[in-house]
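Heads up, the thing below is written out as structure tokens.
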Amino acid sequence: MTIIMDRRLLLKAGAFGLAALATPGVAQLLTARGFTHGVASGEPSANSVLLWTRYVGNGDVRLTCEVAADESFTRILGGGTVAAAAEHDHCAKLVVNGLTPDRWLFYRFVAPDGTKSAIGRTRTLPDGDTARFGIGLFSCSNMPFGWFNAYAHAAARDDLDLMVHVGDYLYEYGPGKYPKIEVPGRTVQPDHEMVTLADYRLRYASYRFDPDLLRLHQRFPMLAQWDDHEFANDSWQGGAENHQPETEGDWSVRKAVAERVYREWMPVSDKRYDSYQIGSLATLFRPETRITARSKQLGLGEALAGRSDIAKAFADFRDGPWSAADRTLMGAEQEAWLYRGFERSVKAGTRWQVLAQQIVMGSIRAPEAVAGWTSTGSPPEVRKAMMGIVAASKAGLPFNMDAWDGYPAARERLLRAAREADSNLIVLSGDSHNAWANNLSTGGHAAGVEYAGHAVTSPGFETYLPSVAPADFARALRETNPDLRYSDTSRRGYVSLQISPDQLRGEFHFVPTIAERTTVGVTSDGLTVRWGEKRFAAS
């Protein structure tokens, strides 16, 4: 359902506390009240879970929360009260403690007048010996590109226990930018790039109204972490590619607004990074790699500036700025936290150490064939860029500096710490819009594996190399990158993982289309890693 909203009317009516999106008419939008965006849960532990809802009333409203063992709420196990405050856009979050480990639970919120929210389903994490656990992995869900069929497919499953979203939950762009042409029925608000507090709130309100995202949140707890588009494209500690201070104000202000609204609208705590214990089976680490301490991204163009000898320029860049030890994604404090976490998890006897973070960790260089794949009719700047990427590859440089490939010293520190702790490291990633499975190594030794998930809707390499068969591109990538065990660069979907003490199986699920709302025809490919081997099993 497309919701058209007049921004001037919204502001005039005090849109900093948006009315319900349950109806598309502007008048109804401005006057609607009650539970507007369903329910959600997140960040579970063995004895607690965070619960979320949104309720618009007259000013601040105190809600009652009930947690039950059954959907009929005949056996109440806990709950509490929480304010849906206008100051926080009428969003309410409550952590319920004192719960039993490893249990599916039902919850709801009740307003003072007796009206009730939708019933949500959530669960606590296991404690002690654990035989299995299922995780869904998502990233890059740009609504105007199409339908969230990946969410719909995962929400219908009964073999998953926790959803993990590693970022780009929404996108900041205005219409006609990315994508240039929207899928019918997938328009979002506001009708321009989100910059202000009202803008960010309105964009979340638009996304959170999607029926498949509503259903996913209603049926499963989620661990979520932002990437760049929750702020602005290619953001880092001190700025972003898609932030222009001269017209959009100070970056620190926009960054604070984006973080505030994320915390209002998402089922998350105020901790920028944390870890979660899944019984004896796994420790799941959720770091922050985007705004806390991330060094500014490098670009291959910087290596060539003012240089005529391309090979020498790339060699100097490789041995200088690119390799600098002080370039970081997490910062020294967070790196120390993570490395201690690896050690503690292994010493406690936990089988797997799962790192759910934003960007691709495996090293991926461009195939030489890329230069020949650009059609003669392509713009000169495109052909020039492709030649530069190939030259960089010959010099041992990757093509994506916004991934861990742009921070090789930081990556080496992480993988070395994981190996020294004797971790069975599983890295979960997103951001690239494409599916990758990488063996990770340090000093010639296996250090772990990576499942880098494809996008829910955002386009992959098929958009930029439309004349190349995806299978040919994937083959060339694997031939150029020996540690790349799997790739798909043309389809959308999500990843699921089934974790057991002796092995972990990851499946890439591909939806047949995002142009219409359907889950018919989903296909899957999978890879397995056995405990102790730290690399993917031979297929």
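Ligands are numbered from 1 in the order shown, residues from 1 within each chain, and chains are lettered A, B, ... in the order they appear in the structure tokens.
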- prompt: Counting only C-alpha atoms, what is within 7 Å of range 162-173 of chain A, bar same-chain residues fewer than 5 positions away, as an MDAnalysis selection string?
  reply: chainID A and resid 134:142 178 192:194 220:230 232 356:358 429:430
- request: Determine, counting only C-alpha atoms, which protein, DNA and RNA residues have an atom within 12 Å of an atom of range 410-419 of chain A; residues of the same chain fewer than 4 positions away are not included. Present the result as a ChimeraX atom specification.
  value: /A:289,294-295,322-332,334-346,352-355,359-363,403-406,423-427,439-450,532-534
Range 507-512 of chain A: which residues within 7 Å, counting only C-alpha atoms, same-chain residues fewer than 5 positions away excluded, as a short mmCIF file (atom, residue, chain, number, x, y, z; two decimals) with N, CA and C atoms, in the first residue's frame?
data_model
loop_
_atom_site.label_atom_id
_atom_site.label_comp_id
_atom_site.auth_asym_id
_atom_site.auth_seq_id
_atom_site.Cartn_x
_atom_site.Cartn_y
_atom_site.Cartn_z
N ASN A 149 10.33 -9.91 -0.05
CA ASN A 149 9.97 -11.32 -0.10
C ASN A 149 10.89 -12.18 0.76
N ALA A 150 12.12 -11.73 0.94
CA ALA A 150 13.03 -12.46 1.82
C ALA A 150 12.51 -12.47 3.25
N ARG A 491 21.20 -12.26 -7.64
CA ARG A 491 19.90 -12.58 -7.05
C ARG A 491 19.79 -12.04 -5.63
N ARG A 492 18.55 -11.80 -5.23
CA ARG A 492 18.26 -11.22 -3.91
C ARG A 492 17.74 -12.31 -2.98
N GLY A 493 17.75 -12.02 -1.66
CA GLY A 493 17.25 -13.00 -0.69
C GLY A 493 17.85 -12.81 0.69
N TYR A 494 18.19 -13.94 1.32
CA TYR A 494 18.74 -13.90 2.68
C TYR A 494 19.51 -15.18 2.94
N VAL A 495 20.14 -15.27 4.10
CA VAL A 495 20.91 -16.44 4.52
C VAL A 495 20.29 -17.02 5.77
N SER A 496 20.28 -18.34 5.88
CA SER A 496 19.92 -18.96 7.16
C SER A 496 21.05 -19.89 7.59
N LEU A 497 21.20 -20.02 8.90
CA LEU A 497 22.24 -20.87 9.47
C LEU A 497 21.62 -21.82 10.47
N THR A 519 6.55 -15.50 -2.52
CA THR A 519 7.65 -16.35 -2.07
C THR A 519 7.67 -17.68 -2.81
N GLY A 521 8.77 -20.28 -5.40
CA GLY A 521 9.93 -20.51 -6.23
C GLY A 521 11.26 -20.15 -5.61
N VAL A 522 11.33 -20.03 -4.28
CA VAL A 522 12.60 -19.75 -3.61
C VAL A 522 13.55 -20.94 -3.78
N THR A 523 14.80 -20.67 -4.15
CA THR A 523 15.82 -21.72 -4.31
C THR A 523 16.96 -21.45 -3.33
N SER A 524 17.81 -22.47 -3.11
CA SER A 524 18.85 -22.34 -2.10
C SER A 524 20.13 -23.05 -2.52
N ASP A 525 21.26 -22.50 -2.06
CA ASP A 525 22.58 -23.13 -2.15
C ASP A 525 23.20 -23.07 -0.76
N GLY A 526 24.00 -24.08 -0.42
CA GLY A 526 24.55 -24.09 0.93
C GLY A 526 25.97 -24.58 1.03
N LEU A 527 26.63 -24.20 2.12
CA LEU A 527 27.97 -24.67 2.45
C LEU A 527 28.02 -25.01 3.93
#
task: Report as a ChimeraX atom specification: the residues of range 162-233 of chain A with a DSSP assignment of strand (DSSP E or B), based on the backbone of this structure.
output: /A:162-165,221-224
- prompt: Got a sec: who's within 10 Å of Arg103 in chain A, counting only C-alpha atoms, leaving out chain neighbours fewer than 6 positions off, as an NGL selection string?
  reply: :A and (46-47 or 69 or 122-126)
Output C-alpha atoms for every residue in the selection just made, as a tab-separated table (two decimals), in the first residue's frame.
chain	number	residue	atom	x	y	z
A	46	ALA	CA	18.73	-16.57	28.60
A	47	ASN	CA	16.54	-14.71	31.11
A	69	ALA	CA	3.61	-18.93	28.02
A	122	THR	CA	9.66	-14.09	20.96
A	123	ARG	CA	12.07	-16.36	22.79
A	124	THR	CA	14.88	-16.47	25.31
A	125	LEU	CA	18.28	-17.86	24.45
A	126	PRO	CA	19.29	-21.32	25.66
- prompt: Using only C-alpha atoms, which of the listed residues (A:Thr480, A:Ser539, A:Thr130, A:Gln277) sits closest to Ala366 in chain A?
  reply: A:Thr480
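Here CA of Glu246 in chain A and CA of Ala385 in chain A stand 28.7 Å from one another.
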message: Can you pull out every residue from range 283-457 of chain A that DSSP, working from the backbone, puts in helix (DSSP H, G or I), and format the result as a PyMOL selection string?
response: chain A and resi 300-304+310-319+321-323+332-347+370-373+380-394+404-406+408-420
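CA of Gly388 in chain A is found 16.0 Å from CA of Leu465 in chain A.
The coordinates place CA of Ala452 in chain A at 25.1 Å from CA of Arg263 in chain A.
When only C-alpha atoms are used to compute distances to Met266 in chain A, the closest of the residues A:Leu63, A:Ala315, A:Met386, A:Ala205 turns out to be A:Ala205.
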message: Could you list, as a ChimeraX atom specification, every residue within 10 Å of range 299-309 of chain A, counting only C-alpha atoms and ignoring same-chain residues fewer than 5 positions away?
response: /A:314-318,320-322,385,388-389,392,397-402,406
Serialized selection, C-alpha atoms, as a PDB file, in the first residue's frame:
ATOM      1  CA  PHE A 314      49.351   1.497  -7.084  1.00  0.00           C
ATOM      2  CA  ALA A 315      52.449  -0.132  -5.578  1.00  0.00           C
ATOM      3  CA  ASP A 316      53.152   2.979  -3.495  1.00  0.00           C
ATOM      4  CA  PHE A 317      49.515   3.133  -2.420  1.00  0.00           C
ATOM      5  CA  ARG A 318      49.532  -0.569  -1.494  1.00  0.00           C
ATOM      6  CA  GLY A 320      51.728   3.059   2.135  1.00  0.00           C
ATOM      7  CA  PRO A 321      48.236   4.371   2.950  1.00  0.00           C
ATOM      8  CA  TRP A 322      46.398   1.108   2.278  1.00  0.00           C
ATOM      9  CA  ALA A 385      37.366   2.803 -14.104  1.00  0.00           C
ATOM     10  CA  GLY A 388      41.977   1.021 -13.193  1.00  0.00           C
ATOM     11  CA  ILE A 389      40.362  -1.804 -11.211  1.00  0.00           C
ATOM     12  CA  ALA A 392      44.885  -2.380  -9.031  1.00  0.00           C
ATOM     13  CA  LEU A 397      44.795  -4.409  -4.378  1.00  0.00           C
ATOM     14  CA  PRO A 398      41.082  -5.145  -3.954  1.00  0.00           C
ATOM     15  CA  PHE A 399      38.348  -3.188  -5.709  1.00  0.00           C
ATOM     16  CA  ASN A 400      36.091  -2.400  -2.715  1.00  0.00           C
ATOM     17  CA  MET A 401      37.766  -0.078  -0.232  1.00  0.00           C
ATOM     18  CA  ASP A 402      34.560   0.235   1.809  1.00  0.00           C
ATOM     19  CA  GLY A 406      40.131  -1.296   2.662  1.00  0.00           C
TER      20      GLY A 406
END
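Non-sequential neighbours of Ala155 in chain A (distance at most 7 Å, separation of 2 or more positions within a chain, only C-alpha atoms) are Tyr151, Ala152, His153, Arg157, Arg215, Leu216 and Arg219 of chain A.
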Per-residue nearest contacts of range 359-453 of chain A to range 469-472 of chain A (12 Å; only C-alpha atoms) as a tab-separated table:
residue	atom	partner	partner_atom	distance
A:Pro367	CA	A:Asp472	CA	11.0
A:Ala369	CA	A:Asp472	CA	10.1
A:Val370	CA	A:Asp472	CA	10.8
A:Trp373	CA	A:Ala469	CA	10.2
A:Asn434	CA	A:Pro470	CA	11.1
A:Ala435	CA	A:Pro470	CA	11.9
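Distances from A:Tyr262, A:Phe473, A:Phe145, A:Phe209 to Pro179 in chain A were compared using only C-alpha atoms, and the smallest one belongs to A:Phe145.
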